[in-house]
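Undergrad: Pasting start_8.txt here (compact mmCIF, N, CA, C and O atoms):
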```
# COMPACT_ATOMS: atom_id res chain seq x y z
N MET A 672 -127.13 84.26 -19.62
CA MET A 672 -127.25 85.50 -18.89
C MET A 672 -125.88 86.18 -18.84
O MET A 672 -124.88 85.55 -18.55
N ALA A 673 -125.86 87.44 -19.13
CA ALA A 673 -124.62 88.20 -19.07
C ALA A 673 -124.54 88.95 -17.75
O ALA A 673 -125.52 89.52 -17.29
N TYR A 674 -123.36 88.94 -17.15
CA TYR A 674 -123.10 89.72 -15.94
C TYR A 674 -122.41 91.00 -16.38
O TYR A 674 -121.36 90.95 -17.02
N CYS A 675 -122.97 92.15 -16.03
CA CYS A 675 -122.41 93.44 -16.44
C CYS A 675 -121.54 94.00 -15.32
O CYS A 675 -121.90 93.91 -14.15
N PHE A 676 -120.40 94.58 -15.70
CA PHE A 676 -119.46 95.12 -14.73
C PHE A 676 -119.81 96.55 -14.35
O PHE A 676 -120.28 97.32 -15.20
N LYS A 677 -119.55 96.92 -13.10
CA LYS A 677 -119.85 98.27 -12.63
C LYS A 677 -118.91 99.30 -13.23
O LYS A 677 -119.29 100.43 -13.49
N GLU A 678 -117.65 98.93 -13.43
CA GLU A 678 -116.65 99.85 -14.00
C GLU A 678 -116.02 99.20 -15.22
O GLU A 678 -114.87 98.74 -15.17
N PRO A 679 -116.72 99.16 -16.35
CA PRO A 679 -116.25 98.41 -17.51
C PRO A 679 -114.99 98.95 -18.17
O PRO A 679 -114.27 98.21 -18.82
N ASP A 680 -114.69 100.23 -18.01
CA ASP A 680 -113.54 100.81 -18.71
C ASP A 680 -112.23 100.68 -17.96
O ASP A 680 -111.17 100.97 -18.51
N ASP A 681 -112.26 100.26 -16.72
CA ASP A 681 -111.04 100.16 -15.91
C ASP A 681 -110.36 98.82 -16.15
O ASP A 681 -110.70 97.81 -15.54
N ILE A 682 -109.37 98.78 -17.09
CA ILE A 682 -108.72 97.51 -17.41
C ILE A 682 -107.66 97.12 -16.39
O ILE A 682 -107.15 96.01 -16.42
N GLU A 683 -107.29 98.02 -15.49
CA GLU A 683 -106.33 97.68 -14.44
C GLU A 683 -107.00 96.87 -13.34
O GLU A 683 -106.36 96.08 -12.66
N MET A 684 -108.29 97.07 -13.16
CA MET A 684 -109.01 96.38 -12.10
C MET A 684 -109.42 94.99 -12.59
O MET A 684 -109.90 94.83 -13.71
N ALA A 685 -109.22 93.98 -11.73
CA ALA A 685 -109.64 92.63 -12.09
C ALA A 685 -111.15 92.58 -12.20
O ALA A 685 -111.86 93.05 -11.32
N LYS A 686 -111.64 92.03 -13.29
CA LYS A 686 -113.08 91.88 -13.48
C LYS A 686 -113.57 90.60 -12.80
O LYS A 686 -114.66 90.57 -12.25
N ILE A 687 -112.75 89.56 -12.87
CA ILE A 687 -113.12 88.27 -12.29
C ILE A 687 -111.91 87.71 -11.56
O ILE A 687 -110.80 87.74 -12.08
N GLU A 688 -112.14 87.20 -10.37
CA GLU A 688 -111.12 86.48 -9.61
C GLU A 688 -111.73 85.18 -9.16
O GLU A 688 -112.78 85.17 -8.51
N LEU A 689 -111.09 84.08 -9.52
CA LEU A 689 -111.59 82.75 -9.18
C LEU A 689 -110.48 82.01 -8.45
O LEU A 689 -109.36 81.92 -8.94
N THR A 690 -110.79 81.49 -7.27
CA THR A 690 -109.80 80.78 -6.45
C THR A 690 -110.39 79.45 -6.01
O THR A 690 -111.57 79.38 -5.66
N ASP A 691 -109.56 78.39 -6.00
CA ASP A 691 -110.05 77.11 -5.51
C ASP A 691 -110.17 77.12 -3.99
O ASP A 691 -109.69 78.04 -3.33
N ASP A 692 -110.82 76.11 -3.44
CA ASP A 692 -111.10 76.12 -2.00
C ASP A 692 -109.85 75.98 -1.13
O ASP A 692 -109.87 76.32 0.04
N THR A 693 -108.74 75.52 -1.71
CA THR A 693 -107.49 75.44 -0.94
C THR A 693 -106.62 76.68 -1.14
O THR A 693 -105.54 76.78 -0.55
N GLU A 694 -107.07 77.59 -1.99
CA GLU A 694 -106.36 78.83 -2.31
C GLU A 694 -104.96 78.60 -2.90
O GLU A 694 -104.05 79.39 -2.72
N THR A 695 -104.80 77.48 -3.62
CA THR A 695 -103.52 77.20 -4.27
C THR A 695 -103.53 77.57 -5.74
O THR A 695 -102.48 77.74 -6.34
N ASN A 696 -104.70 77.69 -6.32
CA ASN A 696 -104.84 78.06 -7.72
C ASN A 696 -105.75 79.28 -7.82
O ASN A 696 -106.80 79.33 -7.16
N GLN A 697 -105.35 80.24 -8.66
CA GLN A 697 -106.17 81.44 -8.81
C GLN A 697 -106.14 81.88 -10.27
O GLN A 697 -105.11 81.82 -10.94
N LEU A 698 -107.29 82.32 -10.75
CA LEU A 698 -107.44 82.88 -12.09
C LEU A 698 -107.92 84.31 -11.93
O LEU A 698 -108.89 84.57 -11.22
N VAL A 699 -107.23 85.24 -12.60
CA VAL A 699 -107.62 86.65 -12.59
C VAL A 699 -107.85 87.06 -14.04
O VAL A 699 -107.01 86.81 -14.91
N ILE A 700 -108.99 87.69 -14.30
CA ILE A 700 -109.32 88.15 -15.66
C ILE A 700 -109.50 89.66 -15.64
O ILE A 700 -110.26 90.19 -14.83
N ARG A 701 -108.79 90.34 -16.54
CA ARG A 701 -108.94 91.78 -16.74
C ARG A 701 -109.38 91.99 -18.19
O ARG A 701 -108.93 91.28 -19.08
N SER A 702 -110.24 92.97 -18.40
CA SER A 702 -110.75 93.20 -19.75
C SER A 702 -111.35 94.60 -19.85
O SER A 702 -111.74 95.19 -18.85
N ASN A 703 -111.42 95.09 -21.08
CA ASN A 703 -112.13 96.35 -21.31
C ASN A 703 -113.57 96.08 -21.75
O ASN A 703 -114.29 97.00 -22.11
N GLN A 704 -113.98 94.84 -21.70
CA GLN A 704 -115.36 94.50 -22.06
C GLN A 704 -116.32 94.86 -20.94
O GLN A 704 -115.94 94.97 -19.78
N GLU A 705 -117.57 95.03 -21.28
CA GLU A 705 -118.58 95.50 -20.33
C GLU A 705 -119.31 94.37 -19.61
O GLU A 705 -119.97 94.61 -18.60
N ALA A 706 -119.20 93.15 -20.14
CA ALA A 706 -119.98 92.07 -19.57
C ALA A 706 -119.27 90.73 -19.77
O ALA A 706 -118.30 90.64 -20.51
N CYS A 707 -119.78 89.72 -19.09
CA CYS A 707 -119.23 88.38 -19.21
C CYS A 707 -120.37 87.37 -19.12
O CYS A 707 -121.28 87.49 -18.30
N VAL A 708 -120.31 86.36 -19.99
CA VAL A 708 -121.22 85.23 -19.92
C VAL A 708 -120.40 84.06 -19.38
O VAL A 708 -119.28 83.81 -19.86
N ILE A 709 -120.93 83.38 -18.38
CA ILE A 709 -120.21 82.27 -17.74
C ILE A 709 -120.93 80.97 -18.07
O ILE A 709 -122.14 80.85 -17.89
N TYR A 710 -120.15 80.00 -18.56
CA TYR A 710 -120.67 78.68 -18.88
C TYR A 710 -119.98 77.65 -17.99
O TYR A 710 -118.79 77.77 -17.72
N THR A 711 -120.73 76.65 -17.56
CA THR A 711 -120.13 75.52 -16.83
C THR A 711 -120.46 74.24 -17.57
O THR A 711 -121.39 74.18 -18.37
N ALA A 712 -119.70 73.20 -17.29
CA ALA A 712 -119.93 71.90 -17.92
C ALA A 712 -121.04 71.17 -17.17
O ALA A 712 -120.83 70.11 -16.59
N ASN A 713 -122.23 71.73 -17.19
CA ASN A 713 -123.32 71.16 -16.41
C ASN A 713 -124.17 70.14 -17.17
O ASN A 713 -125.05 69.54 -16.60
N LYS A 714 -123.89 69.94 -18.45
CA LYS A 714 -124.69 68.99 -19.22
C LYS A 714 -124.06 67.60 -19.28
O LYS A 714 -124.61 66.70 -19.88
N ILE A 715 -122.92 67.43 -18.65
CA ILE A 715 -122.27 66.12 -18.63
C ILE A 715 -123.04 65.23 -17.66
O ILE A 715 -123.26 65.58 -16.51
N THR A 716 -123.46 64.07 -18.13
CA THR A 716 -124.24 63.17 -17.27
C THR A 716 -123.42 62.02 -16.72
O THR A 716 -123.80 61.40 -15.74
N ALA A 717 -122.30 61.71 -17.36
CA ALA A 717 -121.43 60.63 -16.89
C ALA A 717 -119.99 61.08 -17.06
O ALA A 717 -119.70 61.97 -17.86
N PRO A 718 -119.04 60.51 -16.29
CA PRO A 718 -117.63 60.89 -16.48
C PRO A 718 -117.23 60.77 -17.95
O PRO A 718 -117.52 59.77 -18.60
N THR A 719 -116.61 61.80 -18.46
CA THR A 719 -116.25 61.89 -19.87
C THR A 719 -114.73 61.92 -20.02
O THR A 719 -114.08 62.77 -19.41
N PRO A 720 -114.15 60.98 -20.80
CA PRO A 720 -112.69 61.00 -20.98
C PRO A 720 -112.23 62.28 -21.67
O PRO A 720 -112.86 62.73 -22.63
N ILE A 721 -111.15 62.89 -21.16
CA ILE A 721 -110.65 64.11 -21.80
C ILE A 721 -109.23 63.93 -22.32
O ILE A 721 -108.93 64.32 -23.42
N ASN A 722 -108.32 63.37 -21.52
CA ASN A 722 -106.96 63.10 -22.00
C ASN A 722 -106.19 62.26 -20.99
O ASN A 722 -106.50 62.27 -19.80
N SER A 723 -105.23 61.51 -21.46
CA SER A 723 -104.33 60.71 -20.61
C SER A 723 -105.07 59.90 -19.55
O SER A 723 -104.63 59.77 -18.42
N GLY A 724 -106.24 59.40 -19.90
CA GLY A 724 -107.00 58.58 -18.96
C GLY A 724 -107.77 59.37 -17.92
O GLY A 724 -108.43 58.79 -17.06
N ARG A 725 -107.70 60.67 -17.97
CA ARG A 725 -108.44 61.50 -17.02
C ARG A 725 -109.89 61.65 -17.47
O ARG A 725 -110.20 61.53 -18.65
N HIS A 726 -110.75 61.91 -16.51
CA HIS A 726 -112.17 62.09 -16.81
C HIS A 726 -112.67 63.41 -16.24
O HIS A 726 -112.21 63.87 -15.22
N MET A 727 -113.64 63.95 -16.92
CA MET A 727 -114.29 65.18 -16.47
C MET A 727 -115.70 64.83 -16.02
O MET A 727 -116.38 64.04 -16.67
N THR A 728 -116.12 65.42 -14.91
CA THR A 728 -117.48 65.19 -14.43
C THR A 728 -118.24 66.52 -14.42
O THR A 728 -117.67 67.59 -14.64
N LYS A 729 -119.51 66.42 -14.12
CA LYS A 729 -120.39 67.58 -14.12
C LYS A 729 -119.80 68.73 -13.29
O LYS A 729 -119.32 68.52 -12.19
N TYR A 730 -119.85 69.93 -13.84
CA TYR A 730 -119.39 71.19 -13.22
C TYR A 730 -117.87 71.30 -13.05
O TYR A 730 -117.41 72.20 -12.37
N GLN A 731 -117.08 70.45 -13.67
CA GLN A 731 -115.63 70.58 -13.55
C GLN A 731 -115.04 71.53 -14.57
O GLN A 731 -113.86 71.83 -14.51
N GLY A 732 -115.81 72.02 -15.50
CA GLY A 732 -115.30 72.96 -16.49
C GLY A 732 -116.02 74.29 -16.37
O GLY A 732 -117.20 74.35 -16.00
N ILE A 733 -115.29 75.37 -16.65
CA ILE A 733 -115.89 76.70 -16.63
C ILE A 733 -115.27 77.55 -17.74
O ILE A 733 -114.08 77.42 -18.03
N THR A 734 -116.09 78.37 -18.37
CA THR A 734 -115.63 79.25 -19.44
C THR A 734 -116.16 80.65 -19.18
O THR A 734 -117.31 80.82 -18.78
N PHE A 735 -115.31 81.65 -19.42
CA PHE A 735 -115.70 83.04 -19.27
C PHE A 735 -115.63 83.70 -20.64
O PHE A 735 -114.58 83.77 -21.25
N GLU A 736 -116.76 84.15 -21.14
CA GLU A 736 -116.83 84.80 -22.45
C GLU A 736 -117.04 86.30 -22.22
O GLU A 736 -118.14 86.74 -21.90
N MET A 737 -115.98 87.05 -22.40
CA MET A 737 -116.04 88.50 -22.21
C MET A 737 -116.67 89.12 -23.46
O MET A 737 -116.34 88.72 -24.58
N GLN A 738 -117.58 90.08 -23.27
CA GLN A 738 -118.26 90.67 -24.41
C GLN A 738 -118.85 92.04 -24.06
O GLN A 738 -118.80 92.46 -22.91
N ARG A 739 -119.38 92.68 -25.07
CA ARG A 739 -120.09 93.94 -24.84
C ARG A 739 -121.42 93.64 -24.17
O ARG A 739 -121.87 92.50 -24.12
N LYS A 740 -122.06 94.70 -23.68
CA LYS A 740 -123.36 94.52 -23.02
C LYS A 740 -124.35 93.86 -23.98
O LYS A 740 -124.32 94.12 -25.19
N PRO A 741 -125.24 93.05 -23.44
CA PRO A 741 -126.28 92.47 -24.30
C PRO A 741 -127.10 93.57 -24.97
O PRO A 741 -127.31 94.64 -24.40
N ASN A 742 -127.51 93.32 -26.17
CA ASN A 742 -128.33 94.25 -26.95
C ASN A 742 -127.56 95.51 -27.36
O ASN A 742 -128.15 96.51 -27.75
N TYR A 743 -126.26 95.47 -27.31
CA TYR A 743 -125.43 96.63 -27.64
C TYR A 743 -125.72 97.18 -29.04
O TYR A 743 -125.81 98.39 -29.22
N VAL A 744 -125.88 96.29 -30.01
CA VAL A 744 -126.07 96.75 -31.39
C VAL A 744 -127.36 97.53 -31.57
O VAL A 744 -127.49 98.29 -32.53
N HIS A 745 -128.30 97.39 -30.68
CA HIS A 745 -129.56 98.13 -30.79
C HIS A 745 -129.57 99.41 -29.96
O HIS A 745 -130.45 100.24 -30.13
N GLU A 746 -128.60 99.56 -29.07
CA GLU A 746 -128.57 100.72 -28.18
C GLU A 746 -127.49 101.74 -28.53
O GLU A 746 -127.61 102.90 -28.18
N ALA A 747 -126.43 101.32 -29.18
CA ALA A 747 -125.31 102.22 -29.46
C ALA A 747 -124.96 102.14 -30.95
O ALA A 747 -124.24 101.25 -31.38
N MET A 748 -125.43 103.07 -31.71
CA MET A 748 -125.23 103.04 -33.16
C MET A 748 -123.79 103.35 -33.58
O MET A 748 -123.42 103.10 -34.71
N GLU A 749 -122.97 103.87 -32.67
CA GLU A 749 -121.58 104.16 -33.05
C GLU A 749 -120.79 102.90 -33.38
O GLU A 749 -119.72 102.96 -33.97
N TYR A 750 -121.33 101.73 -33.04
CA TYR A 750 -120.62 100.49 -33.38
C TYR A 750 -120.47 100.34 -34.90
O TYR A 750 -119.60 99.63 -35.38
N LEU A 751 -121.28 101.05 -35.66
CA LEU A 751 -121.18 100.98 -37.12
C LEU A 751 -120.03 101.80 -37.67
O LEU A 751 -119.54 101.54 -38.76
N THR A 752 -119.57 102.82 -36.93
CA THR A 752 -118.55 103.72 -37.46
C THR A 752 -117.25 103.72 -36.66
O THR A 752 -116.20 104.03 -37.19
N ASP A 753 -117.31 103.39 -35.38
CA ASP A 753 -116.11 103.43 -34.54
C ASP A 753 -115.28 102.16 -34.71
O ASP A 753 -115.81 101.07 -34.95
N ASP A 754 -113.95 102.32 -34.58
CA ASP A 754 -113.08 101.15 -34.54
C ASP A 754 -113.38 100.37 -33.26
O ASP A 754 -113.72 100.95 -32.23
N TYR A 755 -113.24 99.08 -33.34
CA TYR A 755 -113.54 98.23 -32.19
C TYR A 755 -112.26 97.60 -31.69
O TYR A 755 -111.50 96.99 -32.45
N TYR A 756 -111.96 97.78 -30.42
CA TYR A 756 -110.76 97.23 -29.81
C TYR A 756 -111.18 96.49 -28.54
O TYR A 756 -111.90 97.04 -27.72
N THR A 757 -110.72 95.28 -28.41
CA THR A 757 -111.03 94.52 -27.20
C THR A 757 -109.75 94.00 -26.58
O THR A 757 -108.78 93.68 -27.28
N PHE A 758 -109.74 93.97 -25.26
CA PHE A 758 -108.59 93.50 -24.52
C PHE A 758 -109.08 92.57 -23.41
O PHE A 758 -109.97 92.92 -22.64
N THR A 759 -108.52 91.37 -23.36
CA THR A 759 -108.81 90.44 -22.27
C THR A 759 -107.51 89.75 -21.89
O THR A 759 -106.79 89.25 -22.75
N GLU A 760 -107.21 89.76 -20.61
CA GLU A 760 -105.98 89.14 -20.09
C GLU A 760 -106.38 88.11 -19.04
O GLU A 760 -107.12 88.41 -18.10
N TYR A 761 -105.89 86.89 -19.22
CA TYR A 761 -106.13 85.81 -18.26
C TYR A 761 -104.81 85.55 -17.54
O TYR A 761 -103.80 85.26 -18.18
N GLU A 762 -104.81 85.67 -16.24
CA GLU A 762 -103.60 85.46 -15.45
C GLU A 762 -103.83 84.29 -14.49
O GLU A 762 -104.78 84.30 -13.69
N ILE A 763 -102.99 83.28 -14.60
CA ILE A 763 -103.09 82.11 -13.72
C ILE A 763 -101.98 82.22 -12.69
O ILE A 763 -100.80 82.30 -13.03
N LEU A 764 -102.37 82.25 -11.43
CA LEU A 764 -101.41 82.42 -10.33
C LEU A 764 -101.25 81.12 -9.55
O LEU A 764 -102.12 80.33 -9.45
```
Could I get this structure in the form of structure tokens?
TA:
Amino acid sequence: MAYCFKEPDDIEMAKIELTDDTETNQLVIRSNQEACVIYTANKITAPTPINSGRHMTKYQGITFEMQRKPNYVHEAMEYLTDDYYTFTEYEIL
């Protein structure tokens, strides 16, 4: 499922802000994309080794895939002739 932004062209405005429950870590994403698909590591059934003896468990991973609106190629024919430029900035605070 894609989440569509209300103001997709405003790259100064943060599209996504994610903060942990202690408010010590924050991720801010800015983009000129119109939508985002969010994936979590929800298919992990047992602790999975990742590196240096650490393990990942269910829902400990998250990915944000910034993209154009779903079905864009069928609704906006200018994609065939216009140059395509995308901007996404990930800021870790």
Undergrad: Between CA of Val708 in chain A and CA of His726 in chain A, what distance in Å does the model show, to one decimal?
TA: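 CA of His726 in chain A lies at a distance of 25.0 Å from CA of Val708 in chain A.
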Undergrad: What is the CA of Asn722 in chain A to atom N of Glu688 in chain A distance in Å?
TA: 27.3 Å
Undergrad: Mind pulling up the distance from atom C of Asn703 in chain A to atom C of Asn742 in chain A?
TA: 15.1 Å
Undergrad: Find the residues near range 731-735 of chain A: any atom within 8 Å, counting only C-alpha atoms, skip ones fewer than 4 places away on the same chain, and give them as an MDAnalysis selection string.
TA: chainID A and resid 707:712 727
Undergrad: Please, what is the axis-aligned box for every listed atom of range 704-720 of chain A with 4 Å on each side, as centre and edge lengths in Å to one decimal, as AutoDock Vina command-line options?
TA:
```
--center_x -118.6 --center_y 77.6 --center_z -19.2 --size_x 20.8 --size_y 43.7 --size_z 14.9
```
Undergrad: From the options A:Ser723, A:Thr728, A:Asn713, A:Ser702, which residue's atoms come nearest to Ile687 in chain A, counting only N, CA, C and O atoms?
TA: A:Ser702
Undergrad: Missing atoms in range 705-716 of chain A should be modelled up to all heavy atoms and reported as a PDB file, keeping the file's coordinate frame.
TA:
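Result saved to out34.pdb:
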```
ATOM      1  N   GLU A 705    -117.570  95.030 -21.280  1.00  0.00           N
ATOM      2  CA  GLU A 705    -118.580  95.500 -20.330  1.00  0.00           C
ATOM      3  C   GLU A 705    -119.310  94.370 -19.610  1.00  0.00           C
ATOM      4  O   GLU A 705    -119.970  94.610 -18.600  1.00  0.00           O
ATOM      5  CB  GLU A 705    -119.620  96.333 -21.073  1.00  0.00           C
ATOM      6  CG  GLU A 705    -119.020  97.510 -21.802  1.00  0.00           C
ATOM      7  CD  GLU A 705    -119.966  98.102 -22.825  1.00  0.00           C
ATOM      8  OE1 GLU A 705    -120.542  97.350 -23.633  1.00  0.00           O
ATOM      9  OE2 GLU A 705    -120.138  99.325 -22.792  1.00  0.00           O
ATOM     10  N   ALA A 706    -119.200  93.150 -20.140  1.00  0.00           N
ATOM     11  CA  ALA A 706    -119.980  92.070 -19.570  1.00  0.00           C
ATOM     12  C   ALA A 706    -119.270  90.730 -19.770  1.00  0.00           C
ATOM     13  O   ALA A 706    -118.300  90.640 -20.510  1.00  0.00           O
ATOM     14  CB  ALA A 706    -121.356  92.006 -20.237  1.00  0.00           C
ATOM     15  N   CYS A 707    -119.780  89.720 -19.090  1.00  0.00           N
ATOM     16  CA  CYS A 707    -119.230  88.380 -19.210  1.00  0.00           C
ATOM     17  C   CYS A 707    -120.370  87.370 -19.120  1.00  0.00           C
ATOM     18  O   CYS A 707    -121.280  87.490 -18.300  1.00  0.00           O
ATOM     19  CB  CYS A 707    -118.231  88.124 -18.079  1.00  0.00           C
ATOM     20  SG  CYS A 707    -117.506  86.474 -18.136  1.00  0.00           S
ATOM     21  N   VAL A 708    -120.310  86.360 -19.990  1.00  0.00           N
ATOM     22  CA  VAL A 708    -121.220  85.230 -19.920  1.00  0.00           C
ATOM     23  C   VAL A 708    -120.400  84.060 -19.380  1.00  0.00           C
ATOM     24  O   VAL A 708    -119.280  83.810 -19.860  1.00  0.00           O
ATOM     25  CB  VAL A 708    -121.840  84.885 -21.278  1.00  0.00           C
ATOM     26  CG1 VAL A 708    -122.700  83.636 -21.194  1.00  0.00           C
ATOM     27  CG2 VAL A 708    -122.660  86.055 -21.791  1.00  0.00           C
ATOM     28  N   ILE A 709    -120.930  83.380 -18.380  1.00  0.00           N
ATOM     29  CA  ILE A 709    -120.210  82.270 -17.740  1.00  0.00           C
ATOM     30  C   ILE A 709    -120.930  80.970 -18.070  1.00  0.00           C
ATOM     31  O   ILE A 709    -122.140  80.850 -17.890  1.00  0.00           O
ATOM     32  CB  ILE A 709    -120.141  82.476 -16.215  1.00  0.00           C
ATOM     33  CG1 ILE A 709    -119.430  83.795 -15.919  1.00  0.00           C
ATOM     34  CG2 ILE A 709    -119.430  81.304 -15.544  1.00  0.00           C
ATOM     35  CD1 ILE A 709    -119.476  84.211 -14.471  1.00  0.00           C
ATOM     36  N   TYR A 710    -120.150  80.000 -18.560  1.00  0.00           N
ATOM     37  CA  TYR A 710    -120.670  78.680 -18.880  1.00  0.00           C
ATOM     38  C   TYR A 710    -119.980  77.650 -17.990  1.00  0.00           C
ATOM     39  O   TYR A 710    -118.790  77.770 -17.720  1.00  0.00           O
ATOM     40  CB  TYR A 710    -120.378  78.308 -20.342  1.00  0.00           C
ATOM     41  CG  TYR A 710    -120.938  79.266 -21.356  1.00  0.00           C
ATOM     42  CD1 TYR A 710    -120.169  80.316 -21.854  1.00  0.00           C
ATOM     43  CD2 TYR A 710    -122.233  79.117 -21.824  1.00  0.00           C
ATOM     44  CE1 TYR A 710    -120.678  81.187 -22.801  1.00  0.00           C
ATOM     45  CE2 TYR A 710    -122.752  79.986 -22.773  1.00  0.00           C
ATOM     46  CZ  TYR A 710    -121.963  81.018 -23.256  1.00  0.00           C
ATOM     47  OH  TYR A 710    -122.466  81.877 -24.186  1.00  0.00           O
ATOM     48  N   THR A 711    -120.730  76.650 -17.560  1.00  0.00           N
ATOM     49  CA  THR A 711    -120.130  75.520 -16.830  1.00  0.00           C
ATOM     50  C   THR A 711    -120.460  74.240 -17.570  1.00  0.00           C
ATOM     51  O   THR A 711    -121.390  74.180 -18.370  1.00  0.00           O
ATOM     52  CB  THR A 711    -120.673  75.428 -15.388  1.00  0.00           C
ATOM     53  OG1 THR A 711    -122.086  75.214 -15.446  1.00  0.00           O
ATOM     54  CG2 THR A 711    -120.356  76.681 -14.596  1.00  0.00           C
ATOM     55  N   ALA A 712    -119.700  73.200 -17.290  1.00  0.00           N
ATOM     56  CA  ALA A 712    -119.930  71.900 -17.920  1.00  0.00           C
ATOM     57  C   ALA A 712    -121.040  71.170 -17.170  1.00  0.00           C
ATOM     58  O   ALA A 712    -120.830  70.110 -16.590  1.00  0.00           O
ATOM     59  CB  ALA A 712    -118.641  71.095 -17.929  1.00  0.00           C
ATOM     60  N   ASN A 713    -122.230  71.730 -17.190  1.00  0.00           N
ATOM     61  CA  ASN A 713    -123.320  71.160 -16.410  1.00  0.00           C
ATOM     62  C   ASN A 713    -124.170  70.140 -17.170  1.00  0.00           C
ATOM     63  O   ASN A 713    -125.050  69.540 -16.600  1.00  0.00           O
ATOM     64  CB  ASN A 713    -124.222  72.260 -15.839  1.00  0.00           C
ATOM     65  CG  ASN A 713    -124.868  73.094 -16.914  1.00  0.00           C
ATOM     66  OD1 ASN A 713    -124.530  72.984 -18.081  1.00  0.00           O
ATOM     67  ND2 ASN A 713    -125.783  73.950 -16.521  1.00  0.00           N
ATOM     68  N   LYS A 714    -123.890  69.940 -18.450  1.00  0.00           N
ATOM     69  CA  LYS A 714    -124.690  68.990 -19.220  1.00  0.00           C
ATOM     70  C   LYS A 714    -124.060  67.600 -19.280  1.00  0.00           C
ATOM     71  O   LYS A 714    -124.610  66.700 -19.880  1.00  0.00           O
ATOM     72  CB  LYS A 714    -124.918  69.521 -20.633  1.00  0.00           C
ATOM     73  CG  LYS A 714    -125.803  70.755 -20.640  1.00  0.00           C
ATOM     74  CD  LYS A 714    -126.194  71.159 -22.013  1.00  0.00           C
ATOM     75  CE  LYS A 714    -127.106  72.372 -21.916  1.00  0.00           C
ATOM     76  NZ  LYS A 714    -127.712  72.712 -23.159  1.00  0.00           N
ATOM     77  N   ILE A 715    -122.920  67.430 -18.650  1.00  0.00           N
ATOM     78  CA  ILE A 715    -122.270  66.120 -18.630  1.00  0.00           C
ATOM     79  C   ILE A 715    -123.040  65.230 -17.660  1.00  0.00           C
ATOM     80  O   ILE A 715    -123.260  65.580 -16.510  1.00  0.00           O
ATOM     81  CB  ILE A 715    -120.790  66.250 -18.204  1.00  0.00           C
ATOM     82  CG1 ILE A 715    -120.029  67.060 -19.249  1.00  0.00           C
ATOM     83  CG2 ILE A 715    -120.161  64.882 -18.001  1.00  0.00           C
ATOM     84  CD1 ILE A 715    -118.611  67.370 -18.880  1.00  0.00           C
ATOM     85  N   THR A 716    -123.460  64.070 -18.130  1.00  0.00           N
ATOM     86  CA  THR A 716    -124.240  63.170 -17.270  1.00  0.00           C
ATOM     87  C   THR A 716    -123.420  62.020 -16.720  1.00  0.00           C
ATOM     88  O   THR A 716    -123.800  61.400 -15.740  1.00  0.00           O
ATOM     89  CB  THR A 716    -125.452  62.612 -18.038  1.00  0.00           C
ATOM     90  OG1 THR A 716    -124.975  61.942 -19.208  1.00  0.00           O
ATOM     91  CG2 THR A 716    -126.408  63.727 -18.424  1.00  0.00           C
TER      92      THR A 716
END
```
